[in-house]
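**Q** Hey, dropping data_16.txt in here, compact mmCIF, C-alpha atoms and all ligand atoms:
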```txt
# COMPACT_ATOMS: atom_id res chain seq x y z
CA MET L 2 116.20 93.98 82.69
CA ASN L 3 114.10 96.05 85.09
CA HIS L 4 115.94 98.87 86.81
CA ARG L 5 113.18 99.70 89.23
CA PRO L 6 110.57 97.75 91.19
CA HIS L 7 107.15 97.02 89.72
CA THR L 8 104.70 99.48 91.29
CA THR L 9 100.97 99.09 91.99
CA ALA L 10 98.97 101.96 93.51
CA ILE L 11 95.92 101.05 95.60
CA LEU L 12 93.40 103.76 96.50
CA ALA L 13 89.78 104.09 97.56
CA MET L 14 87.79 106.99 96.13
CA THR L 15 84.30 108.42 96.68
CA ALA L 16 81.87 108.47 93.76
CA ASP L 17 82.79 112.15 93.28
CA GLY L 18 86.52 111.46 93.10
CA LYS L 19 87.80 112.27 96.61
CA ILE L 20 90.23 110.21 98.69
CA SER L 21 89.32 112.00 101.92
CA ASP L 22 87.03 114.75 103.17
CA TYR L 23 87.89 118.48 103.34
CA GLN L 24 89.45 117.99 106.80
CA ASN L 25 91.92 115.41 105.43
CA SER L 26 90.51 112.79 107.79
CA PRO L 27 91.95 109.28 107.62
CA ALA L 28 90.07 107.54 104.81
CA ARG L 29 87.84 104.96 106.49
CA PHE L 30 84.89 105.11 104.07
CA GLY L 31 85.66 101.80 102.33
CA SER L 32 83.88 98.59 103.39
CA ALA L 33 85.35 95.47 105.01
CA ASN L 34 85.68 94.09 101.46
CA ASP L 35 87.83 97.06 100.48
CA ARG L 36 89.98 96.63 103.58
CA ALA L 37 90.50 92.95 102.73
CA HIS L 38 91.38 93.90 99.14
CA LEU L 39 93.94 96.44 100.40
CA GLU L 40 95.48 93.92 102.79
CA GLN L 41 95.73 91.38 99.97
CA GLN L 42 97.54 93.87 97.72
CA VAL L 43 99.84 94.85 100.61
CA SER L 44 100.59 91.17 101.23
CA LEU L 45 101.87 90.74 97.65
CA ALA L 46 104.47 93.49 97.99
CA ASP L 47 108.08 93.57 99.16
CA GLY L 48 107.71 97.22 100.17
CA ILE L 49 104.89 99.69 100.85
CA LEU L 50 105.41 103.32 99.90
CA PHE L 51 103.30 106.14 101.33
CA GLY L 52 103.62 109.90 101.75
CA ALA L 53 104.13 111.62 105.09
CA GLY L 54 100.71 113.30 104.66
CA THR L 55 99.05 109.89 104.68
CA LEU L 56 100.94 108.88 107.81
CA ARG L 57 100.01 112.20 109.45
CA ALA L 58 96.32 111.48 108.72
CA TYR L 59 96.32 107.85 109.98
CA GLY L 60 99.23 107.66 112.47
CA THR L 61 99.40 103.98 111.53
CA THR L 62 99.91 101.73 108.50
CA MET L 63 98.32 98.62 106.96
CA SER L 64 100.23 95.48 107.95
CA VAL L 65 99.50 91.87 107.01
CA SER L 66 97.50 90.00 109.66
CA GLN L 67 95.36 87.39 107.86
CA PRO L 68 96.89 83.92 108.50
CA GLU L 69 96.26 82.83 104.88
CA LEU L 70 98.10 85.87 103.50
CA LEU L 71 100.99 85.35 105.95
CA HIS L 72 101.15 81.72 104.84
CA GLN L 73 101.24 82.72 101.16
CA ARG L 74 104.10 85.17 101.87
CA SER L 75 106.03 82.39 103.55
CA GLU L 76 105.38 80.08 100.54
CA ARG L 77 106.81 82.81 98.29
CA SER L 78 109.87 83.07 100.60
CA GLN L 79 108.89 86.63 101.56
CA PRO L 80 109.35 87.82 105.16
CA PRO L 81 106.07 88.06 107.14
CA GLN L 82 105.75 91.83 106.66
CA PRO L 83 106.66 94.02 103.70
CA ILE L 84 108.92 96.98 104.48
CA GLN L 85 106.94 100.12 105.27
CA ILE L 86 108.64 103.08 103.58
CA VAL L 87 107.61 106.62 104.53
CA VAL L 88 108.35 109.32 101.95
CA SER L 89 109.05 112.64 103.66
CA ALA L 90 111.18 115.51 102.34
CA SER L 91 111.13 117.27 105.73
CA GLY L 92 111.50 114.22 108.01
CA ASN L 93 108.95 115.97 110.22
CA LEU L 94 107.23 112.91 111.74
CA ASP L 95 106.11 112.26 115.33
CA PRO L 96 107.85 109.29 117.01
CA GLN L 97 104.78 108.99 119.31
CA TRP L 98 102.55 107.82 116.43
CA HIS L 99 101.25 104.24 116.75
CA PHE L 100 103.09 103.49 113.48
CA PHE L 101 106.36 103.45 115.43
CA GLN L 102 104.99 100.77 117.79
CA GLN L 103 103.70 98.47 115.01
CA SER L 104 105.72 95.28 114.47
CA VAL L 105 106.76 96.10 110.92
CA PRO L 106 110.11 96.98 109.36
CA ARG L 107 110.29 100.76 108.77
CA TRP L 108 112.43 102.70 106.31
CA LEU L 109 112.50 106.44 105.66
CA LEU L 110 112.99 107.90 102.16
CA THR L 111 114.02 111.50 102.55
CA LEU L 112 116.29 114.40 101.55
CA PRO L 113 119.54 115.20 103.42
CA GLN L 114 117.90 117.70 105.83
CA GLY L 115 115.12 115.21 106.70
CA ALA L 116 117.68 112.47 107.40
CA GLU L 117 119.48 114.63 109.98
CA LEU L 118 116.46 114.46 112.33
CA TRP L 119 116.53 110.63 112.47
CA GLN L 120 120.26 109.85 112.70
CA ASN L 121 121.27 107.60 115.64
CA ARG L 122 117.67 106.73 116.46
CA ALA L 123 115.98 103.34 116.50
CA GLU L 124 112.65 104.12 114.78
CA PHE L 125 113.82 103.47 111.21
CA GLU L 126 115.88 100.41 110.25
CA ARG L 127 117.16 102.22 107.20
CA ILE L 128 117.25 105.81 106.01
CA LEU L 129 117.53 106.29 102.27
CA VAL L 130 118.77 109.74 101.37
CA VAL L 131 118.15 110.92 97.84
CA GLY L 132 118.92 114.11 96.00
CA LYS L 133 116.29 116.62 95.04
CA LEU L 134 115.26 117.46 91.50
CA GLU L 135 114.15 121.08 91.34
CA ALA L 136 110.62 120.54 90.06
CA ASP L 137 109.89 117.01 91.23
CA GLY L 138 110.93 116.83 94.90
CA ILE L 139 112.60 113.48 95.51
CA ASP L 140 114.69 112.16 92.62
CA TRP L 141 112.50 109.12 91.97
CA ARG L 142 114.64 107.49 89.34
CA SER L 143 117.56 107.23 91.74
CA ALA L 144 115.32 106.33 94.72
CA LEU L 145 113.62 103.48 92.83
CA VAL L 146 116.93 102.12 91.54
CA GLN L 147 118.19 102.08 95.16
CA LEU L 148 115.07 100.22 96.32
CA GLN L 149 115.49 97.63 93.55
CA ARG L 150 119.16 97.14 94.50
CA LEU L 151 118.05 96.54 98.10
CA GLY L 152 115.93 93.61 96.90
CA LEU L 153 112.50 95.26 96.62
CA ASN L 154 111.03 94.01 93.35
CA LYS L 155 107.39 94.80 94.00
CA LEU L 156 106.12 98.00 95.62
CA ALA L 157 102.56 98.85 96.71
CA ILE L 158 101.89 102.61 96.64
CA LEU L 159 99.26 103.63 99.20
CA GLY L 160 99.05 107.34 98.39
CA GLY L 161 98.30 110.05 99.04
CA GLY L 162 97.72 112.41 96.17
CA GLU L 163 101.05 114.23 96.31
CA LEU L 164 103.09 111.03 96.23
CA MET L 165 100.92 109.72 93.38
CA SER L 166 101.40 112.85 91.30
CA SER L 167 105.18 112.86 91.63
CA LEU L 168 105.47 109.17 90.73
CA LEU L 169 103.09 109.49 87.77
CA ALA L 170 105.04 112.51 86.54
CA VAL L 171 108.11 110.30 86.07
CA ASN L 172 106.06 107.39 84.65
CA SER L 173 106.81 105.22 87.67
CA ILE L 174 103.39 103.74 88.40
CA ASP L 175 102.69 100.52 86.51
CA GLU L 176 99.27 99.49 87.80
CA LEU L 177 96.41 101.11 89.66
CA TRP L 178 93.63 99.56 91.75
CA LEU L 179 90.88 102.09 92.39
CA THR L 180 87.90 101.25 94.58
CA ILE L 181 84.85 103.43 93.88
CA CYS L 182 82.85 103.70 97.12
CA PRO L 183 79.16 104.69 97.16
CA VAL L 184 79.47 108.01 99.01
CA ILE L 185 80.00 111.67 98.08
CA PHE L 186 82.17 114.11 100.08
CA GLY L 187 82.45 117.10 97.72
CA GLY L 188 84.57 120.07 98.69
CA GLU L 189 87.24 121.90 96.71
CA ALA L 190 89.80 121.22 99.43
CA ALA L 191 89.16 117.49 99.69
CA PRO L 192 92.11 115.58 98.16
CA THR L 193 91.81 113.49 95.00
CA PRO L 194 93.88 110.43 93.97
CA VAL L 195 96.40 112.61 92.14
CA GLY L 196 97.32 116.04 93.52
CA GLY L 197 100.10 118.43 92.51
CA MET L 198 99.76 120.79 89.57
CA GLY L 199 98.11 118.14 87.38
CA PHE L 200 98.69 117.19 83.75
CA LEU L 201 97.28 119.00 80.72
CA GLN L 202 94.72 117.01 78.74
CA SER L 203 97.30 116.43 76.02
CA HIS L 204 99.64 114.87 78.60
CA GLY L 205 97.06 112.92 80.64
CA LYS L 206 98.29 109.52 81.81
CA LYS L 207 96.38 106.95 79.80
CA LEU L 208 95.04 103.81 81.46
CA GLU L 209 94.11 100.39 80.14
CA LEU L 210 91.24 98.75 82.02
CA LEU L 211 92.33 95.22 82.95
CA GLU L 212 89.56 94.09 85.27
CA VAL L 213 86.35 95.25 86.99
CA LYS L 214 84.86 93.58 90.06
CA GLN L 215 81.68 94.54 91.88
CA LEU L 216 81.24 93.57 95.53
CA ASP L 217 78.09 94.86 97.19
CA GLY L 218 78.02 98.60 96.51
CA GLU L 219 81.69 99.00 95.58
CA LEU L 220 83.49 98.77 92.25
CA PHE L 221 87.09 97.56 92.12
CA LEU L 222 88.81 98.87 88.99
CA HIS L 223 92.18 97.48 87.96
CA TYR L 224 94.18 99.48 85.42
CA ARG L 225 97.53 99.28 83.73
CA VAL L 226 99.18 102.67 83.25
CA GLN L 227 100.21 102.98 79.63
CA ARG L 228 103.69 104.20 78.73
CA ASN L 229 103.52 107.67 77.14
N1 LIG L 301 91.38 106.94 100.11
C1 LIG L 301 92.59 106.46 100.09
O1 LIG L 301 92.83 105.35 99.55
C2 LIG L 301 93.72 107.24 100.68
C3 LIG L 301 95.02 106.69 100.68
C4 LIG L 301 96.04 107.45 101.22
C5 LIG L 301 95.79 108.71 101.72
N2 LIG L 301 94.53 109.19 101.72
C6 LIG L 301 94.25 110.55 102.20
O2 LIG L 301 95.12 111.43 101.52
C7 LIG L 301 95.45 112.52 102.36
C8 LIG L 301 96.97 112.69 102.35
O3 LIG L 301 97.39 112.90 101.01
P1 LIG L 301 98.41 114.07 100.63
O4 LIG L 301 98.41 114.22 99.16
O5 LIG L 301 98.11 115.24 101.47
O6 LIG L 301 99.74 113.50 101.17
P2 LIG L 301 100.82 112.38 100.79
O7 LIG L 301 101.12 112.25 99.35
O8 LIG L 301 100.49 111.16 101.57
O9 LIG L 301 102.03 113.06 101.54
C9 LIG L 301 102.55 114.32 101.17
C10 LIG L 301 103.86 114.46 101.89
O10 LIG L 301 104.69 113.33 101.61
C11 LIG L 301 105.99 113.74 101.27
N3 LIG L 301 106.13 113.58 99.83
C12 LIG L 301 105.22 113.07 98.96
N4 LIG L 301 105.74 113.05 97.72
C13 LIG L 301 106.97 113.57 97.81
C14 LIG L 301 108.01 113.82 96.88
N5 LIG L 301 107.86 113.53 95.58
N6 LIG L 301 109.16 114.38 97.31
C15 LIG L 301 109.30 114.66 98.61
N7 LIG L 301 108.39 114.45 99.57
C16 LIG L 301 107.22 113.90 99.16
C17 LIG L 301 106.07 115.18 101.73
O11 LIG L 301 106.35 115.06 103.12
P3 LIG L 301 106.93 116.21 104.08
O12 LIG L 301 105.80 117.16 104.25
O13 LIG L 301 107.28 115.49 105.34
O14 LIG L 301 108.12 116.79 103.41
C18 LIG L 301 104.66 115.68 101.46
O15 LIG L 301 104.28 116.80 102.21
C19 LIG L 301 94.89 112.19 103.73
O16 LIG L 301 93.67 112.90 103.88
C20 LIG L 301 94.57 110.70 103.66
O17 LIG L 301 93.45 110.34 104.46
C21 LIG L 301 93.49 108.49 101.21
```
In structure tokens, write the structure found in this file.
**A**
Amino acid sequence: MNHRPHTTAILAMTADGKISDYQNSPARFGSANDRAHLEQQVSLADGILFGAGTLRAYGTTMSVSQPELLHQRSERSQPPQPIQIVVSASGNLDPQWHFFQQSVPRWLLTLPQGAELWQNRAEFERILVVGKLEADGIDWRSALVQLQRLGLNKLAILGGGELMSSLLAVNSIDELWLTICPVIFGGEAAPTPVGGMGFLQSHGKKLELLEVKQLDGELFLHYRVQRN
């Protein structure tokens, strides 16, 4: 029996391995094909998980709008929109962001001090409070078990790099879709798909290549993350 949801990360990366430029701009360098691919992956999920840094960059989130994808969700007995779950230890988010006007269900995954800021407010339908593990930030094992108990069997992880690194560290990413886009940003400060301290070569997370698609100038790589 699974004790946590199945997780698929979906990211777009430049040819030199960056997920944004050195100003942390919202990543809009993918093509319309990449956007459609992201929306399709989002449409398959019960919940979408993203870090507060990603929300700070975009101020908005990817919802499902294509009629065909909405129809397929209905056929699978899923509600029209997956639940949008923001991960923020601090809870320091601006209620003026467009995200809070989008017609999507919103949950907050946070630590006790972050939850205090959002009590008795309408922006989040649910606030999940989890303990903190000293090295890892949010206690992912407990958070993911809670999400599974709340009926979320399939999660899409939309980044950014800090969220990715903490989930990979506890072996909680099952699949990865990486779009390689034909552009170079460079820059030491520009974020990469996995941030944090990083893993030593001996502890690198090994991937199995499941599928490669090429559409115009972009490559869509689909990996399974192998269990260590
Ligand atoms: N190309 C792409 O596909 C793509 C996708 C997504 C994002 N991006 C880019 O990535 C950049 C943002 O990435 P990022 O690495 O800076 O940020 P991130 O992972 O989106 O967010 C980091 C923040 O999320 C919270 N967080 C993440 N993991 C946590 C954990 N384990 N425990 C507790 N809190 C956690 C913390 O929020 P608090 O600070 O509130 O405590 C942390 O500061 C932006 O430039 C964005 O454009 C690109």
**Q** Taking (101.6, 114.9, 84.7) in the coordinates of the supplied file, I want to know which residues reach to within 10 Å of it, counting all atoms listed in the file; could you give the answer as a list in words?
**A**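 Taken together, the residues in range are Ser166, Ser167, Leu168, Leu169, Ala170, Val171, Asn172, Val195, Gly196, Gly197, Met198, Gly199, Phe200, Leu201, Gln202, Ser203, His204, Gly205 and Lys206 of chain L.
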**Q** Find the nearest atom pair between each residue of chain L and ligand LIG 301 (chain L) for residues within 7 Å, count all atoms listed in the file, give distances in Å to one decimal, sort rows by chain and ascending number, and present the table as CSV.
**A**
```
residue,atom,partner,partner_atom,distance
L:Ile11,CA,L:LIG301,O1,6.6
L:Leu12,CA,L:LIG301,O1,3.5
L:Ala13,CA,L:LIG301,O1,3.9
L:Met14,CA,L:LIG301,N1,5.4
L:Ile20,CA,L:LIG301,N1,3.7
L:Ser21,CA,L:LIG301,O16,4.9
L:Asp22,CA,L:LIG301,O16,6.9
L:Asn25,CA,L:LIG301,O16,3.4
L:Ser26,CA,L:LIG301,O16,5.0
L:Pro27,CA,L:LIG301,O17,3.7
L:Ala28,CA,L:LIG301,O17,4.4
L:Phe51,CA,L:LIG301,O8,5.8
L:Gly52,CA,L:LIG301,O8,3.4
L:Ala53,CA,L:LIG301,O10,3.9
L:Gly54,CA,L:LIG301,O9,3.4
L:Thr55,CA,L:LIG301,O8,3.7
L:Leu56,CA,L:LIG301,O8,6.7
L:Ala58,CA,L:LIG301,C19,5.2
L:Tyr59,CA,L:LIG301,O17,6.7
L:Val88,CA,L:LIG301,C11,5.1
L:Ser89,CA,L:LIG301,O11,3.7
L:Ala90,CA,L:LIG301,O14,3.5
L:Ser91,CA,L:LIG301,O14,3.8
L:Gly92,CA,L:LIG301,O13,5.2
L:Asn93,CA,L:LIG301,O13,5.2
L:Leu94,CA,L:LIG301,O13,6.9
L:Thr111,CA,L:LIG301,C15,6.9
L:Asp137,CA,L:LIG301,N5,5.9
L:Gly138,CA,L:LIG301,N6,3.9
L:Ile139,CA,L:LIG301,N6,4.0
L:Leu159,CA,L:LIG301,C4,5.4
L:Gly160,CA,L:LIG301,C4,4.1
L:Gly161,CA,L:LIG301,O8,3.5
L:Gly162,CA,L:LIG301,O4,3.6
L:Glu163,CA,L:LIG301,O7,3.6
L:Leu164,CA,L:LIG301,N4,3.7
L:Met165,CA,L:LIG301,O7,6.5
L:Ser167,CA,L:LIG301,N5,4.8
L:Leu168,CA,L:LIG301,N5,6.9
L:Pro192,CA,L:LIG301,O2,6.1
L:Gly196,CA,L:LIG301,O4,6.0
```
**Q** List the neighbours of Trp178 in chain L out to 8 Å using only C-alpha atoms; skip same-chain residues closer than 6 positions along the sequence, and give me the result as a PyMOL selection string.
**A** chain L and resi 9-12+221-224
**Q** Name the residues in contact with Val43 in chain L at a cut-off of 12 Å, using all atoms listed in the file, excluding same-chain residues fewer than 3 positions from it; report them as a VMD selection string.
**A** chain L and resid 8 to 12 36 to 40 46 to 51 62 to 67 70 to 71 74 81 to 85 155 to 159 178
**Q** Dump C-alpha atoms for the selected residues as an mmCIF file, in the frame of the given file?
**A**
```cif
data_model
loop_
_atom_site.group_PDB
_atom_site.id
_atom_site.type_symbol
_atom_site.label_atom_id
_atom_site.label_comp_id
_atom_site.auth_asym_id
_atom_site.auth_seq_id
_atom_site.Cartn_x
_atom_site.Cartn_y
_atom_site.Cartn_z
ATOM 1 C CA THR L 8 104.700 99.480 91.290
ATOM 2 C CA THR L 9 100.970 99.090 91.990
ATOM 3 C CA ALA L 10 98.970 101.960 93.510
ATOM 4 C CA ILE L 11 95.920 101.050 95.600
ATOM 5 C CA LEU L 12 93.400 103.760 96.500
ATOM 6 C CA ARG L 36 89.980 96.630 103.580
ATOM 7 C CA ALA L 37 90.500 92.950 102.730
ATOM 8 C CA HIS L 38 91.380 93.900 99.140
ATOM 9 C CA LEU L 39 93.940 96.440 100.400
ATOM 10 C CA GLU L 40 95.480 93.920 102.790
ATOM 11 C CA ALA L 46 104.470 93.490 97.990
ATOM 12 C CA ASP L 47 108.080 93.570 99.160
ATOM 13 C CA GLY L 48 107.710 97.220 100.170
ATOM 14 C CA ILE L 49 104.890 99.690 100.850
ATOM 15 C CA LEU L 50 105.410 103.320 99.900
ATOM 16 C CA PHE L 51 103.300 106.140 101.330
ATOM 17 C CA THR L 62 99.910 101.730 108.500
ATOM 18 C CA MET L 63 98.320 98.620 106.960
ATOM 19 C CA SER L 64 100.230 95.480 107.950
ATOM 20 C CA VAL L 65 99.500 91.870 107.010
ATOM 21 C CA SER L 66 97.500 90.000 109.660
ATOM 22 C CA GLN L 67 95.360 87.390 107.860
ATOM 23 C CA LEU L 70 98.100 85.870 103.500
ATOM 24 C CA LEU L 71 100.990 85.350 105.950
ATOM 25 C CA ARG L 74 104.100 85.170 101.870
ATOM 26 C CA PRO L 81 106.070 88.060 107.140
ATOM 27 C CA GLN L 82 105.750 91.830 106.660
ATOM 28 C CA PRO L 83 106.660 94.020 103.700
ATOM 29 C CA ILE L 84 108.920 96.980 104.480
ATOM 30 C CA GLN L 85 106.940 100.120 105.270
ATOM 31 C CA LYS L 155 107.390 94.800 94.000
ATOM 32 C CA LEU L 156 106.120 98.000 95.620
ATOM 33 C CA ALA L 157 102.560 98.850 96.710
ATOM 34 C CA ILE L 158 101.890 102.610 96.640
ATOM 35 C CA LEU L 159 99.260 103.630 99.200
ATOM 36 C CA TRP L 178 93.630 99.560 91.750
#
```
**Q** If I take CA of Gln149 in chain L and CA of Phe125 in chain L, how far is one from the other in Å, to one decimal?
**A** 18.7 Å
**Q** Can you work out the spacing between CA of Gly18 in chain L and CA of Leu220 in chain L in Å, to one decimal?
**A**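 For CA of Gly18 in chain L relative to CA of Leu220 in chain L, the distance reads 13.1 Å.
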**Q** Kindly give the distance, in Å, that separates CA of His72 in chain L and CA of Gln42 in chain L, rounded to a single decimal.
**A**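 So the two atoms, CA of His72 in chain L and CA of Gln42 in chain L, lie 14.5 Å apart.
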**Q** Go through L:Glu126, L:Leu112, L:Ile181, L:Gln97 one by one, measure the shortest atom-to-atom distance of each to Gly218 in chain L using all atoms listed in the file, and give the residue with the smallest value.
**A**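 Counting all atoms listed in the file, the residue closest to Gly218 in chain L is L:Ile181.
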